[in-house]
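Here is the file work-v4.cif (mmCIF, C-alpha atoms).
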data_data
#
loop_
_atom_site.label_atom_id
_atom_site.label_comp_id
_atom_site.auth_asym_id
_atom_site.auth_seq_id
_atom_site.Cartn_x
_atom_site.Cartn_y
_atom_site.Cartn_z
CA SER W 1451 65.67 -2.49 41.25
CA LEU W 1452 63.45 -3.30 44.20
CA ILE W 1453 60.78 -0.75 43.28
CA THR W 1454 60.86 -1.57 39.58
CA GLU W 1455 60.25 -5.25 40.26
CA ALA W 1456 57.25 -4.44 42.49
CA ARG W 1457 55.85 -1.63 40.34
CA ARG W 1458 52.74 -3.47 39.04
CA ASP W 1459 51.33 -4.50 42.42
CA ASN W 1460 50.65 -2.10 45.29
CA LYS W 1461 51.05 -4.76 47.98
CA SER W 1462 54.47 -5.58 46.63
CA LEU W 1463 55.24 -1.86 46.50
CA ASP W 1464 54.28 -1.51 50.18
CA VAL W 1465 56.71 -4.27 51.07
CA ALA W 1466 59.45 -2.68 48.97
CA ILE W 1467 58.82 0.78 50.49
CA GLY W 1468 58.92 -0.72 53.97
CA ARG W 1469 62.33 -2.24 53.25
CA ILE W 1470 63.67 1.04 51.84
CA ASN W 1471 62.53 2.87 54.98
CA SER W 1472 64.13 0.20 57.22
CA ASP W 1473 67.63 -0.07 58.55
CA GLU W 1474 68.45 -2.28 55.58
CA PHE W 1475 68.84 0.85 53.47
CA ALA W 1476 69.93 3.27 56.21
CA ALA W 1477 73.08 4.15 54.26
CA LEU W 1478 71.11 5.15 51.14
CA ASP W 1479 71.68 8.74 50.05
CA PRO W 1480 68.64 10.80 51.25
CA GLN W 1481 68.16 12.42 47.84
CA ARG W 1482 68.29 9.04 46.11
CA LYS W 1483 65.92 7.61 48.73
CA ALA W 1484 63.40 10.42 48.14
CA GLU W 1485 63.64 9.83 44.38
CA ILE W 1486 62.95 6.11 44.80
CA LEU W 1487 60.01 6.72 47.17
CA ASN W 1488 58.50 9.29 44.76
CA GLN W 1489 58.87 6.78 41.99
CA ALA W 1490 57.12 4.16 44.13
CA GLU W 1491 54.26 6.56 44.86
CA GLY W 1492 53.91 7.24 41.15
CA PHE W 1493 53.70 3.52 40.47
CA ARG W 1494 51.11 3.18 43.26
CA VAL W 1495 48.92 5.95 41.77
CA SER W 1496 49.28 4.44 38.30
CA ASN W 1497 48.17 1.05 39.62
CA ILE W 1498 45.15 2.59 41.33
CA GLN W 1499 44.17 4.43 38.16
CA ARG W 1500 44.63 1.34 36.03
CA SER W 1501 42.55 -0.72 38.47
CA GLU W 1502 39.78 1.86 38.52
CA ALA W 1503 39.81 2.08 34.73
CA ALA W 1504 39.59 -1.70 34.43
CA ALA W 1505 36.72 -1.79 36.93
CA ARG W 1506 34.87 0.94 35.07
CA ALA W 1507 35.44 -0.81 31.74
CA ALA W 1508 34.06 -4.04 33.22
CA GLN W 1509 31.09 -2.14 34.61
CA ALA W 1510 30.48 -0.51 31.23
CA ARG W 1511 30.61 -3.91 29.50
CA HIS W 1512 28.14 -5.27 32.04
CA GLU W 1513 25.81 -2.29 31.61
CA HIS W 1514 25.99 -2.67 27.83
CA GLN W 1515 25.26 -6.38 28.11
CA MET W 1516 22.27 -5.70 30.37
CA LYS W 1517 20.92 -2.98 28.07
CA THR W 1518 21.35 -5.23 25.04
CA ALA W 1519 19.64 -8.09 26.83
CA GLU W 1520 16.82 -5.87 28.03
CA ALA W 1521 16.29 -4.44 24.55
CA ALA W 1522 16.23 -7.92 23.00
CA TYR W 1523 13.82 -9.24 25.64
CA THR W 1524 11.55 -6.19 25.39
CA ALA W 1525 11.44 -6.45 21.59
CA ALA W 1526 10.67 -10.18 21.79
CA THR W 1527 7.96 -9.50 24.36
CA GLY W 1528 6.36 -6.99 22.00
CA ILE W 1529 6.39 -9.54 19.18
CA VAL W 1530 4.90 -12.30 21.34
CA GLN W 1531 2.27 -10.13 23.01
CA THR W 1532 0.99 -8.86 19.67
CA GLY W 1533 0.61 -12.37 18.25
CA LYS W 1534 3.44 -12.17 15.73
CA MET W 1535 5.93 -14.90 14.79
CA LEU W 1536 9.44 -15.19 16.20
CA SER W 1537 11.77 -16.31 13.43
CA PRO W 1538 14.42 -18.97 14.18
CA GLU W 1539 17.15 -16.42 13.38
CA TYR W 1540 15.66 -13.92 15.82
CA ILE W 1541 15.34 -16.55 18.57
CA GLN W 1542 19.04 -17.38 18.18
CA GLN W 1543 19.94 -13.69 18.26
CA MET W 1544 17.77 -13.16 21.35
CA THR W 1545 19.15 -16.12 23.30
CA THR W 1546 22.70 -14.95 22.57
CA ALA W 1547 21.90 -11.40 23.65
CA THR W 1548 20.30 -12.47 26.94
CA ALA W 1549 22.83 -15.19 27.90
CA GLY W 1550 24.27 -14.69 31.38
CA THR W 1551 21.66 -12.11 32.39
CA PRO W 1552 18.44 -12.33 34.44
CA PHE W 1553 16.50 -12.00 31.18
CA ALA W 1554 17.73 -15.45 30.16
CA GLN W 1555 15.81 -16.90 33.11
CA ALA W 1556 12.59 -15.16 32.03
CA LEU W 1557 12.94 -16.21 28.40
CA PRO W 1558 11.48 -19.75 28.64
CA GLU W 1559 8.18 -18.45 30.05
CA LEU W 1560 7.95 -15.84 27.27
CA LEU W 1561 8.59 -18.48 24.61
CA ARG W 1562 5.98 -20.76 26.20
CA GLN W 1563 3.33 -18.07 25.60
CA ALA W 1564 4.29 -17.50 21.96
CA PRO W 1565 2.44 -20.38 20.18
CA GLU W 1566 -0.97 -19.63 21.70
CA ARG W 1567 -0.73 -15.92 21.02
CA SER W 1568 0.61 -16.27 17.49
CA ALA W 1569 -2.15 -18.80 16.73
CA PHE W 1570 -4.70 -16.18 17.72
CA GLY W 1571 -2.87 -13.45 15.80
CA MET W 1572 -3.03 -15.58 12.61
CA GLN W 1573 -6.82 -15.58 12.68
CA PRO W 1574 -8.81 -13.36 10.32
CA MET W 1575 -9.92 -10.08 11.88
CA GLN W 1576 -13.56 -11.18 12.01
CA ALA W 1577 -12.61 -14.44 13.73
CA MET W 1578 -10.62 -12.52 16.36
CA ASP W 1579 -13.55 -10.18 16.94
CA ARG W 1580 -15.92 -13.11 17.28
CA ALA W 1581 -13.62 -15.00 19.68
CA ILE W 1582 -13.30 -11.96 21.94
CA MET W 1583 -17.05 -11.35 21.91
CA ASP W 1584 -17.73 -15.02 22.71
CA GLU W 1585 -15.25 -14.95 25.58
CA ARG W 1586 -16.74 -11.74 26.93
CA ALA W 1587 -20.26 -13.21 26.71
CA ARG W 1588 -19.10 -16.31 28.58
CA LEU W 1589 -17.61 -14.23 31.37
CA ASN W 1590 -20.68 -12.02 31.56
CA THR W 1591 -22.82 -15.11 32.03
CA GLY W 1592 -20.65 -17.21 34.33
CA GLY W 1593 -18.70 -14.48 36.13
CA THR W 1594 -15.21 -13.13 35.69
CA ASN W 1595 -11.95 -12.86 37.63
CA PRO W 1596 -8.67 -10.93 37.28
CA ALA W 1597 -6.94 -13.71 35.34
CA ALA W 1598 -9.83 -13.95 32.86
CA GLU W 1599 -9.85 -10.16 32.44
CA ARG W 1600 -6.13 -10.15 31.74
CA ARG W 1601 -6.63 -12.83 29.10
CA ILE W 1602 -9.35 -10.77 27.42
CA GLN W 1603 -7.06 -7.74 27.45
CA GLN W 1604 -4.25 -9.80 25.89
CA LEU W 1605 -6.55 -10.99 23.10
CA GLU W 1606 -7.81 -7.45 22.52
CA SER W 1607 -4.23 -6.19 22.34
CA ILE W 1608 -3.33 -8.82 19.71
CA ARG W 1609 -6.48 -7.97 17.72
CA ASP W 1610 -5.96 -4.19 17.95
CA GLN W 1611 -2.31 -4.41 16.89
CA ALA W 1612 -3.24 -6.62 13.94
CA ARG W 1613 -5.86 -4.13 12.81
CA LYS W 1614 -3.36 -1.27 13.09
CA ASP W 1615 -0.66 -3.19 11.19
CA TYR W 1616 -3.01 -4.32 8.40
CA GLU W 1617 -4.24 -0.75 8.01
CA ALA W 1618 -0.68 0.61 7.76
CA ASP W 1619 0.85 -1.98 5.40
CA PRO W 1620 -1.20 -5.14 4.75
CA LEU W 1621 1.35 -7.53 3.22
CA PRO W 1622 4.13 -7.03 5.81
CA ALA W 1623 1.50 -7.32 8.55
CA ALA W 1624 0.54 -10.76 7.25
CA GLN W 1625 4.20 -11.72 6.87
CA GLU W 1626 4.92 -10.81 10.51
CA ARG W 1627 2.16 -13.21 11.54
CA GLY W 1628 3.55 -16.11 9.52
CA LEU W 1629 0.83 -16.00 6.87
CA LEU W 1630 3.17 -15.05 4.02
CA GLY W 1631 6.68 -16.21 3.27
CA GLN W 1632 8.83 -13.95 1.17
CA ILE W 1633 6.87 -11.11 -0.38
CA THR W 1634 7.23 -11.43 -4.15
CA PRO W 1635 9.61 -8.73 -5.49
CA LEU W 1636 7.97 -6.09 -7.65
CA ASP W 1637 9.47 -3.54 -10.04
CA THR W 1638 7.66 -0.22 -9.53
CA SER W 1639 9.93 1.87 -11.75
CA ASN W 1640 7.17 2.10 -14.35
CA VAL W 1641 3.62 0.88 -14.82
CA GLN W 1642 4.40 -1.71 -17.51
CA ALA W 1643 7.10 -3.35 -15.38
CA LEU W 1644 4.77 -3.37 -12.39
CA VAL W 1645 1.88 -4.92 -14.30
CA SER W 1646 4.06 -7.64 -15.82
CA GLY W 1647 5.21 -8.78 -12.38
CA LEU W 1648 1.90 -8.59 -10.53
CA SER W 1649 0.71 -12.20 -10.66
CA GLY W 1650 2.45 -13.43 -7.51
CA ARG W 1651 1.49 -10.32 -5.57
CA LEU W 1652 -2.16 -10.63 -6.54
CA ASP W 1653 -2.31 -14.07 -4.91
CA GLN W 1654 -0.66 -12.73 -1.77
CA ALA W 1655 -2.98 -9.72 -1.64
CA ALA W 1656 -5.98 -12.03 -2.03
CA LEU W 1657 -4.82 -14.07 0.97
CA VAL W 1658 -4.35 -10.91 3.05
CA SER W 1659 -7.78 -9.70 1.97
CA GLN W 1660 -9.28 -12.83 3.50
CA GLN W 1661 -7.60 -11.90 6.77
CA THR W 1662 -8.81 -8.32 6.86
CA GLY W 1663 -12.27 -8.82 5.40
CA ARG W 1664 -11.75 -6.18 2.71
CA THR W 1665 -9.86 -6.04 -0.58
CA GLU W 1666 -6.24 -5.03 -0.02
CA SER W 1667 -3.65 -3.55 -2.35
CA PRO W 1668 -0.89 -5.85 -3.64
CA LEU W 1669 1.69 -3.07 -3.18
CA LEU W 1670 3.74 -2.26 -0.12
CA MET W 1671 3.21 1.24 1.23
CA THR W 1672 6.69 2.29 0.09
CA GLU W 1673 6.01 0.92 -3.38
CA ALA W 1674 2.69 2.75 -3.60
CA GLU W 1675 4.42 5.99 -2.64
CA GLN W 1676 7.17 5.43 -5.22
CA LEU W 1677 4.60 4.63 -7.91
CA GLY W 1678 2.62 7.73 -6.98
CA LYS W 1679 5.70 9.92 -7.39
CA SER W 1680 6.54 8.45 -10.78
CA LEU W 1681 2.94 8.94 -11.98
CA SER W 1682 2.66 12.49 -10.64
CA ILE W 1683 5.29 13.80 -13.06
CA LEU W 1684 3.47 12.49 -16.14
CA PRO W 1685 1.20 14.74 -18.23
CA VAL W 1686 -2.47 14.23 -17.38
CA PRO W 1687 -3.35 12.11 -20.46
CA GLU W 1688 -0.40 9.77 -19.82
CA ARG W 1689 -1.20 9.62 -16.13
CA ALA W 1690 -4.82 8.74 -16.92
CA ALA W 1691 -3.66 6.05 -19.37
CA ALA W 1692 -1.35 4.61 -16.71
CA VAL W 1693 -4.21 4.55 -14.21
CA ALA W 1694 -6.36 2.74 -16.76
CA THR W 1695 -3.57 0.19 -17.35
CA LEU W 1696 -3.26 -0.41 -13.62
CA ALA W 1697 -7.00 -0.76 -13.26
CA GLY W 1698 -7.10 -3.31 -16.05
CA ALA W 1699 -4.47 -5.43 -14.30
CA LEU W 1700 -5.81 -5.05 -10.78
CA GLY W 1701 -9.55 -5.00 -11.29
CA PRO W 1702 -11.92 -2.45 -9.71
CA GLN W 1703 -11.65 -3.54 -6.09
CA MET W 1704 -7.86 -3.77 -5.91
CA SER W 1705 -7.60 -0.52 -7.86
CA ALA W 1706 -9.71 1.13 -5.18
CA ALA W 1707 -7.50 -0.45 -2.50
CA LEU W 1708 -4.38 0.94 -4.20
CA GLY W 1709 -6.12 4.30 -4.39
CA ARG W 1710 -6.75 4.10 -0.66
CA GLN W 1711 -3.02 3.59 -0.16
CA MET W 1712 -2.12 6.56 -2.34
CA SER W 1713 -4.73 9.03 -1.10
CA PRO W 1714 -2.80 10.32 1.93
CA LYS W 1715 0.03 11.53 -0.34
CA ASP W 1716 -1.97 12.29 -3.52
CA ASP W 1717 -5.71 12.47 -3.01
CA ALA W 1718 -6.52 13.00 -6.70
CA LEU W 1719 -4.49 9.99 -7.81
CA GLY W 1720 -6.13 7.90 -5.10
CA LEU W 1721 -9.58 9.03 -6.25
CA ALA W 1722 -8.67 8.37 -9.88
CA LEU W 1723 -7.70 4.80 -9.05
CA ALA W 1724 -10.85 4.31 -6.99
CA MET W 1725 -12.97 5.09 -10.08
CA ALA W 1726 -10.47 3.87 -12.65
CA GLY W 1727 -12.89 1.67 -14.59
CA GLU W 1728 -15.69 4.24 -14.89
CA LYS W 1729 -16.34 6.18 -18.10
CA THR W 1730 -18.34 9.18 -19.15
CA THR W 1731 -21.12 8.92 -21.74
CA GLN W 1732 -18.52 10.06 -24.30
CA GLY W 1733 -16.33 7.07 -23.45
CA ARG W 1734 -13.70 9.03 -21.54
CA TYR W 1735 -12.31 7.69 -18.30
CA THR W 1736 -13.75 9.60 -15.36
CA ALA W 1737 -10.32 9.28 -13.75
CA GLU W 1738 -8.91 11.55 -16.46
CA LEU W 1739 -11.33 14.31 -15.44
CA VAL W 1740 -10.27 13.89 -11.80
CA LEU W 1741 -6.58 14.20 -12.71
CA ARG W 1742 -7.24 17.05 -15.11
CA GLY W 1743 -9.24 18.77 -12.39
CA GLN W 1744 -6.37 18.45 -9.94
CA GLN W 1745 -4.02 20.11 -12.43
CA ALA W 1746 -6.55 22.77 -13.40
CA LYS W 1747 -7.27 23.63 -9.78
CA LYS W 1748 -3.54 23.97 -9.18
CA ASP W 1749 -2.78 26.19 -12.17
CA GLY W 1750 -6.06 28.14 -12.08
CA THR W 1751 -7.29 27.22 -15.58
CA SER W 1752 -10.62 25.97 -14.18
CA THR W 1753 -11.57 29.35 -12.73
CA LYS W 1754 -10.28 31.84 -15.30
CA GLY W 1755 -13.66 32.38 -17.04
CA SER W 1756 -15.92 35.42 -16.89
CA LYS W 1757 -15.84 37.67 -13.85
CA GLN W 1758 -19.52 36.90 -13.21
CA PRO W 1759 -19.83 33.14 -13.76
CA GLU W 1760 -23.11 31.34 -13.29
CA MET W 1761 -21.58 29.49 -10.33
CA VAL W 1762 -18.44 30.69 -8.54
CA ALA W 1763 -15.83 28.08 -7.62
CA SER W 1764 -16.23 28.69 -3.90
CA LYS W 1765 -19.77 27.29 -4.12
CA TRP W 1766 -18.98 24.15 -6.10
CA GLY W 1767 -18.30 22.09 -3.00
CA ALA W 1768 -21.60 23.04 -1.37
CA ALA W 1769 -23.52 22.39 -4.59
CA VAL W 1770 -21.90 18.97 -4.95
CA ALA W 1771 -22.64 18.11 -1.32
CA GLU W 1772 -26.28 19.11 -1.75
CA TYR W 1773 -26.60 17.01 -4.90
CA ILE W 1774 -24.96 13.91 -3.38
CA GLY W 1775 -26.59 14.25 0.03
CA ASP W 1776 -25.48 12.46 3.17
CA SER W 1777 -26.82 8.97 2.59
CA MET W 1778 -23.35 7.51 2.02
CA PRO W 1779 -21.06 6.31 4.83
CA GLN W 1780 -18.81 9.05 6.19
CA GLY W 1781 -15.55 8.02 4.48
CA VAL W 1782 -17.21 7.09 1.18
CA GLY W 1783 -19.28 10.27 1.08
CA ASP W 1784 -16.22 12.45 1.62
CA GLN W 1785 -14.35 10.61 -1.12
CA VAL W 1786 -17.20 11.01 -3.61
CA ARG W 1787 -17.64 14.70 -2.82
CA ASN W 1788 -13.90 15.35 -3.21
CA ALA W 1789 -13.91 13.50 -6.53
CA ALA W 1790 -16.93 15.50 -7.75
CA VAL W 1791 -15.24 18.81 -7.00
CA LEU W 1792 -12.12 17.77 -8.91
CA ILE W 1793 -14.25 16.54 -11.82
CA ALA W 1794 -15.98 19.93 -11.79
CA HIS W 1795 -12.57 21.62 -12.07
CA GLY W 1796 -11.71 19.25 -14.93
CA ILE W 1797 -14.92 20.08 -16.79
CA ALA W 1798 -14.45 23.81 -16.22
CA SER W 1799 -10.88 23.70 -17.53
CA GLU W 1800 -12.19 22.38 -20.84
CA GLN W 1801 -14.84 25.11 -21.05
CA GLY W 1802 -12.58 28.10 -20.68
CA GLY W 1803 -12.93 28.28 -16.91
CA GLU W 1804 -16.74 28.42 -16.95
CA LEU W 1805 -19.04 26.09 -15.03
CA SER W 1806 -22.82 26.01 -14.87
CA GLY W 1807 -25.14 24.46 -12.32
CA LYS W 1808 -25.81 21.65 -14.80
CA ASP W 1809 -22.07 21.03 -15.08
CA VAL W 1810 -21.77 20.70 -11.29
CA ALA W 1811 -24.66 18.24 -11.27
CA ARG W 1812 -22.94 16.28 -14.05
CA ALA W 1813 -19.69 16.22 -12.04
CA ALA W 1814 -21.60 14.88 -9.05
CA ARG W 1815 -23.27 12.16 -11.16
CA LEU W 1816 -19.92 11.08 -12.56
CA ALA W 1817 -18.41 10.90 -9.07
CA VAL W 1818 -21.29 8.76 -7.87
CA GLY W 1819 -20.87 6.57 -10.92
CA GLY W 1820 -23.96 7.60 -12.85
#
Please go through the file and, once you have read it, give me the structure as structure tokens.
Amino acid sequence: SLITEARRDNKSLDVAIGRINSDEFAALDPQRKAEILNQAEGFRVSNIQRSEAAARAAQARHEHQMKTAEAAYTAATGIVQTGKMLSPEYIQQMTTATAGTPFAQALPELLRQAPERSAFGMQPMQAMDRAIMDERARLNTGGTNPAAERRIQQLESIRDQARKDYEADPLPAAQERGLLGQITPLDTSNVQALVSGLSGRLDQAALVSQQTGRTESPLLMTEAEQLGKSLSILPVPERAAAVATLAGALGPQMSAALGRQMSPKDDALGLALAMAGEKTTQGRYTAELVLRGQQAKKDGTSTKGSKQPEMVASKWGAAVAEYIGDSMPQGVGDQVRNAAVLIAHGIASEQGGELSGKDVARAARLAVGG
């Protein structure tokens, strides 16, 4: 029918309705005419709804495209501004995401900045510090301007982000800056498996250590946490033996670096690794006393002695602090004092929960390394 043929286009419907209302269809039954006109109005409303839905769908697609493009551009800007490397795969993904949007026009300028900033971000931390200080000295001597100040701020931002990233997870931080390729896989399910696969990681950790200016752990943060969990369930003697095995493979400095990684989740294990190579005069590993002290402090076996001990446990910390003094740097001093208190708990647990002033002094000497 006339209305059916025009049903998908409102302009065509208007023409058809005009004809039905004209003399051409004057003989049409009024009831039938009303039915046809109602049908036409229904088609008209349906067309309007369909048009509005299509417009909203197009708008939603555009909004999604813009949000995707903005997110990709913002992420790329963060990578470039912090001196990290844009991978070829990421560049392809970013150019696809920004195509047909205003962000595509801004992309060439962002990419132009990338080489200079990543070259600075690849520098060792000390070199970045020195470059910033030299630039600041030059400006202080010859005068500065807004553009020069912005450049200094950009360099400081790259340096500060690098320091933060290296502190959080050294190897991935170096990888993000193009200094490492693939990080060598490592099995952390047990100590023996870890030690047997360490060689490639040790080389990578040594390279990262050159960047940071301090010895870094060869483990990723997630790996250190997983290793810490697997060690924490072992009995103290086995845990101490595992620490000794790790220390033998890593050496004192990397053992201490691994301990630094583990300390936030397990302070005693971190301390044990930091002093993994040290032994008592009886040939025992000091780390075993630290771990034993942690367990004894937890289960109360280090303080179950006489009701009137020579030195109550609440005063061990103060006695240790007095013995060690405050000549050490803040972080190191705290670490040594914490280790001494745990060693004191370890000694006490082996003496029926009793501890003398001489024992506390001995714990302090062992923590210091004497």
Determine, counting all atoms listed in the file, which protein, DNA and RNA residues have an atom within 9 Å of an atom of range 1736-1751 of chain W; residues of the same chain fewer than 6 positions away are not included. Present the result as a compact mmCIF listing (two decimals) with C-alpha atoms, keeping the file's coordinate frame.
# COMPACT_ATOMS: atom_id res chain seq x y z
CA VAL W 1686 -2.47 14.23 -17.38
CA PRO W 1687 -3.35 12.11 -20.46
CA ARG W 1689 -1.20 9.62 -16.13
CA ALA W 1690 -4.82 8.74 -16.92
CA ALA W 1691 -3.66 6.05 -19.37
CA VAL W 1693 -4.21 4.55 -14.21
CA ALA W 1694 -6.36 2.74 -16.76
CA ALA W 1718 -6.52 13.00 -6.70
CA LEU W 1719 -4.49 9.99 -7.81
CA LEU W 1721 -9.58 9.03 -6.25
CA ALA W 1722 -8.67 8.37 -9.88
CA LEU W 1723 -7.70 4.80 -9.05
CA ALA W 1724 -10.85 4.31 -6.99
CA MET W 1725 -12.97 5.09 -10.08
CA ALA W 1726 -10.47 3.87 -12.65
CA GLY W 1727 -12.89 1.67 -14.59
CA GLU W 1728 -15.69 4.24 -14.89
CA LYS W 1729 -16.34 6.18 -18.10
CA THR W 1730 -18.34 9.18 -19.15
CA ALA W 1789 -13.91 13.50 -6.53
CA ALA W 1790 -16.93 15.50 -7.75
CA VAL W 1791 -15.24 18.81 -7.00
CA LEU W 1792 -12.12 17.77 -8.91
CA ILE W 1793 -14.25 16.54 -11.82
CA ALA W 1794 -15.98 19.93 -11.79
CA HIS W 1795 -12.57 21.62 -12.07
CA GLY W 1796 -11.71 19.25 -14.93
CA ILE W 1797 -14.92 20.08 -16.79
CA ALA W 1798 -14.45 23.81 -16.22
CA SER W 1799 -10.88 23.70 -17.53
CA GLU W 1800 -12.19 22.38 -20.84
CA GLY W 1802 -12.58 28.10 -20.68
CA GLY W 1803 -12.93 28.28 -16.91
CA LEU W 1816 -19.92 11.08 -12.56
CA ALA W 1817 -18.41 10.90 -9.07
CA GLY W 1819 -20.87 6.57 -10.92
Practice problem: Tell me, as a VMD selection string, which residues lie within 12 Å of range 1563-1579 of chain W, counting all atoms listed in the file; anything in the same chain fewer than 6 positions away does not count. | Solution: chain W and resid 1526 to 1537 1541 1556 to 1557 1585 to 1586 1601 to 1602 1604 to 1617 1623 to 1630 1657 to 1664
Once you have the residues from the selection above, write them out as a short mmCIF file (atom, residue, chain, number, x, y, z; two decimals), in the coordinates of the input, restricted to C-alpha atoms.
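Ended up saving to part_20.cif:
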data_model
loop_
_atom_site.label_atom_id
_atom_site.label_comp_id
_atom_site.auth_asym_id
_atom_site.auth_seq_id
_atom_site.Cartn_x
_atom_site.Cartn_y
_atom_site.Cartn_z
CA ALA W 1526 10.67 -10.18 21.79
CA THR W 1527 7.96 -9.50 24.36
CA GLY W 1528 6.36 -6.99 22.00
CA ILE W 1529 6.39 -9.54 19.18
CA VAL W 1530 4.90 -12.30 21.34
CA GLN W 1531 2.27 -10.13 23.01
CA THR W 1532 0.99 -8.86 19.67
CA GLY W 1533 0.61 -12.37 18.25
CA LYS W 1534 3.44 -12.17 15.73
CA MET W 1535 5.93 -14.90 14.79
CA LEU W 1536 9.44 -15.19 16.20
CA SER W 1537 11.77 -16.31 13.43
CA ILE W 1541 15.34 -16.55 18.57
CA ALA W 1556 12.59 -15.16 32.03
CA LEU W 1557 12.94 -16.21 28.40
CA GLU W 1585 -15.25 -14.95 25.58
CA ARG W 1586 -16.74 -11.74 26.93
CA ARG W 1601 -6.63 -12.83 29.10
CA ILE W 1602 -9.35 -10.77 27.42
CA GLN W 1604 -4.25 -9.80 25.89
CA LEU W 1605 -6.55 -10.99 23.10
CA GLU W 1606 -7.81 -7.45 22.52
CA SER W 1607 -4.23 -6.19 22.34
CA ILE W 1608 -3.33 -8.82 19.71
CA ARG W 1609 -6.48 -7.97 17.72
CA ASP W 1610 -5.96 -4.19 17.95
CA GLN W 1611 -2.31 -4.41 16.89
CA ALA W 1612 -3.24 -6.62 13.94
CA ARG W 1613 -5.86 -4.13 12.81
CA LYS W 1614 -3.36 -1.27 13.09
CA ASP W 1615 -0.66 -3.19 11.19
CA TYR W 1616 -3.01 -4.32 8.40
CA GLU W 1617 -4.24 -0.75 8.01
CA ALA W 1623 1.50 -7.32 8.55
CA ALA W 1624 0.54 -10.76 7.25
CA GLN W 1625 4.20 -11.72 6.87
CA GLU W 1626 4.92 -10.81 10.51
CA ARG W 1627 2.16 -13.21 11.54
CA GLY W 1628 3.55 -16.11 9.52
CA LEU W 1629 0.83 -16.00 6.87
CA LEU W 1630 3.17 -15.05 4.02
CA LEU W 1657 -4.82 -14.07 0.97
CA VAL W 1658 -4.35 -10.91 3.05
CA SER W 1659 -7.78 -9.70 1.97
CA GLN W 1660 -9.28 -12.83 3.50
CA GLN W 1661 -7.60 -11.90 6.77
CA THR W 1662 -8.81 -8.32 6.86
CA GLY W 1663 -12.27 -8.82 5.40
CA ARG W 1664 -11.75 -6.18 2.71
#
Check what the PyMOL selection byres ((chain W and resi 1490) around 8) selects in the file above and give those residues as an mmCIF file with C-alpha atoms, in the coordinates of the input.
data_model
loop_
_atom_site.group_PDB
_atom_site.id
_atom_site.type_symbol
_atom_site.label_atom_id
_atom_site.label_comp_id
_atom_site.auth_asym_id
_atom_site.auth_seq_id
_atom_site.Cartn_x
_atom_site.Cartn_y
_atom_site.Cartn_z
ATOM 1 C CA ILE W 1453 60.780 -0.750 43.280
ATOM 2 C CA ARG W 1457 55.850 -1.630 40.340
ATOM 3 C CA LEU W 1463 55.240 -1.860 46.500
ATOM 4 C CA ILE W 1467 58.820 0.780 50.490
ATOM 5 C CA ILE W 1486 62.950 6.110 44.800
ATOM 6 C CA LEU W 1487 60.010 6.720 47.170
ATOM 7 C CA ASN W 1488 58.500 9.290 44.760
ATOM 8 C CA GLN W 1489 58.870 6.780 41.990
ATOM 9 C CA GLU W 1491 54.260 6.560 44.860
ATOM 10 C CA GLY W 1492 53.910 7.240 41.150
ATOM 11 C CA PHE W 1493 53.700 3.520 40.470
ATOM 12 C CA ARG W 1494 51.110 3.180 43.260
#
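When the PyMOL selection byres ((chain W and resi 1641) around 10) is evaluated on the file shown here, the picked residues come out as W:Asp1637, W:Thr1638, W:Ser1639, W:Asn1640, W:Gln1642, W:Ala1643, W:Leu1644, W:Val1645, W:Ser1646, W:Leu1677, W:Ser1680, W:Leu1681, W:Ala1692, W:Val1693, W:Thr1695, W:Leu1696.
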Exercise. Quote the spacing between CA of Pro1538 in chain W and CA of Ala1656 in chain W in Å to one decimal place.
Key: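 Taking CA of Pro1538 in chain W as the start and CA of Ala1656 in chain W as the end point, the length is 27.0 Å.
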Quiz item: Which of these residues is nearest to Ser1806 in chain W, using only C-alpha atoms: W:Ile1498, W:Ala1547, W:Met1761, W:Met1704?
Solution: W:Met1761
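Distances here use all atoms listed in the file; by that measure, the residue among W:Arg1506, W:Ala1519, W:Lys1461, W:Asp1619 closest to Ala1655 in chain W is W:Asp1619.
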Quiz prompt | Within 10 Å of Leu1708 in chain W using only C-alpha atoms, minus same-chain residues under 3 positions, as a VMD selection string | solution = chain W and resid 1665 to 1671 1674 1696 to 1697 1700 1702 to 1705 1711 to 1713 1719 to 1721 1723 to 1724
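Between CA of Asn1471 in chain W and CA of Asn1497 in chain W the interatomic distance comes to 21.1 Å.
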Apply the PyMOL selection byres ((chain W and resi 1764) around 12) to the displayed file and report the matching residues as a CSV table (one decimal) with C-alpha atoms, in the coordinates of the input.
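Saved to expr-v3.csv:
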chain,number,residue,atom,x,y,z
W,1747,LYS,CA,-7.3,23.6,-9.8
W,1753,THR,CA,-11.6,29.4,-12.7
W,1759,PRO,CA,-19.8,33.1,-13.8
W,1760,GLU,CA,-23.1,31.3,-13.3
W,1761,MET,CA,-21.6,29.5,-10.3
W,1762,VAL,CA,-18.4,30.7,-8.5
W,1763,ALA,CA,-15.8,28.1,-7.6
W,1765,LYS,CA,-19.8,27.3,-4.1
W,1766,TRP,CA,-19.0,24.2,-6.1
W,1767,GLY,CA,-18.3,22.1,-3.0
W,1768,ALA,CA,-21.6,23.0,-1.4
W,1769,ALA,CA,-23.5,22.4,-4.6
W,1770,VAL,CA,-21.9,19.0,-5.0
W,1791,VAL,CA,-15.2,18.8,-7.0
W,1794,ALA,CA,-16.0,19.9,-11.8
W,1795,HIS,CA,-12.6,21.6,-12.1
W,1805,LEU,CA,-19.0,26.1,-15.0
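Between Ala1522 in chain W and the residues W:Ala1510, W:Ala1549, W:Ala1618, W:Ala1503, the shortest atom-to-atom distance, using all atoms listed in the file, involves W:Ala1549.
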Quiz item: In Å, with one decimal, what is the gap from CA of Gln1515 in chain W to CA of Tyr1540 in chain W?
Solution: 17.3 Å
Listed atoms of range 1748-1752 of chain W boxed axis-aligned with 4 Å per side, centre + edges as lines of an AutoDock Vina configuration file:
center_x = -6.7
center_y = 26.1
center_z = -12.4
size_x = 15.8
size_y = 12.2
size_z = 14.4
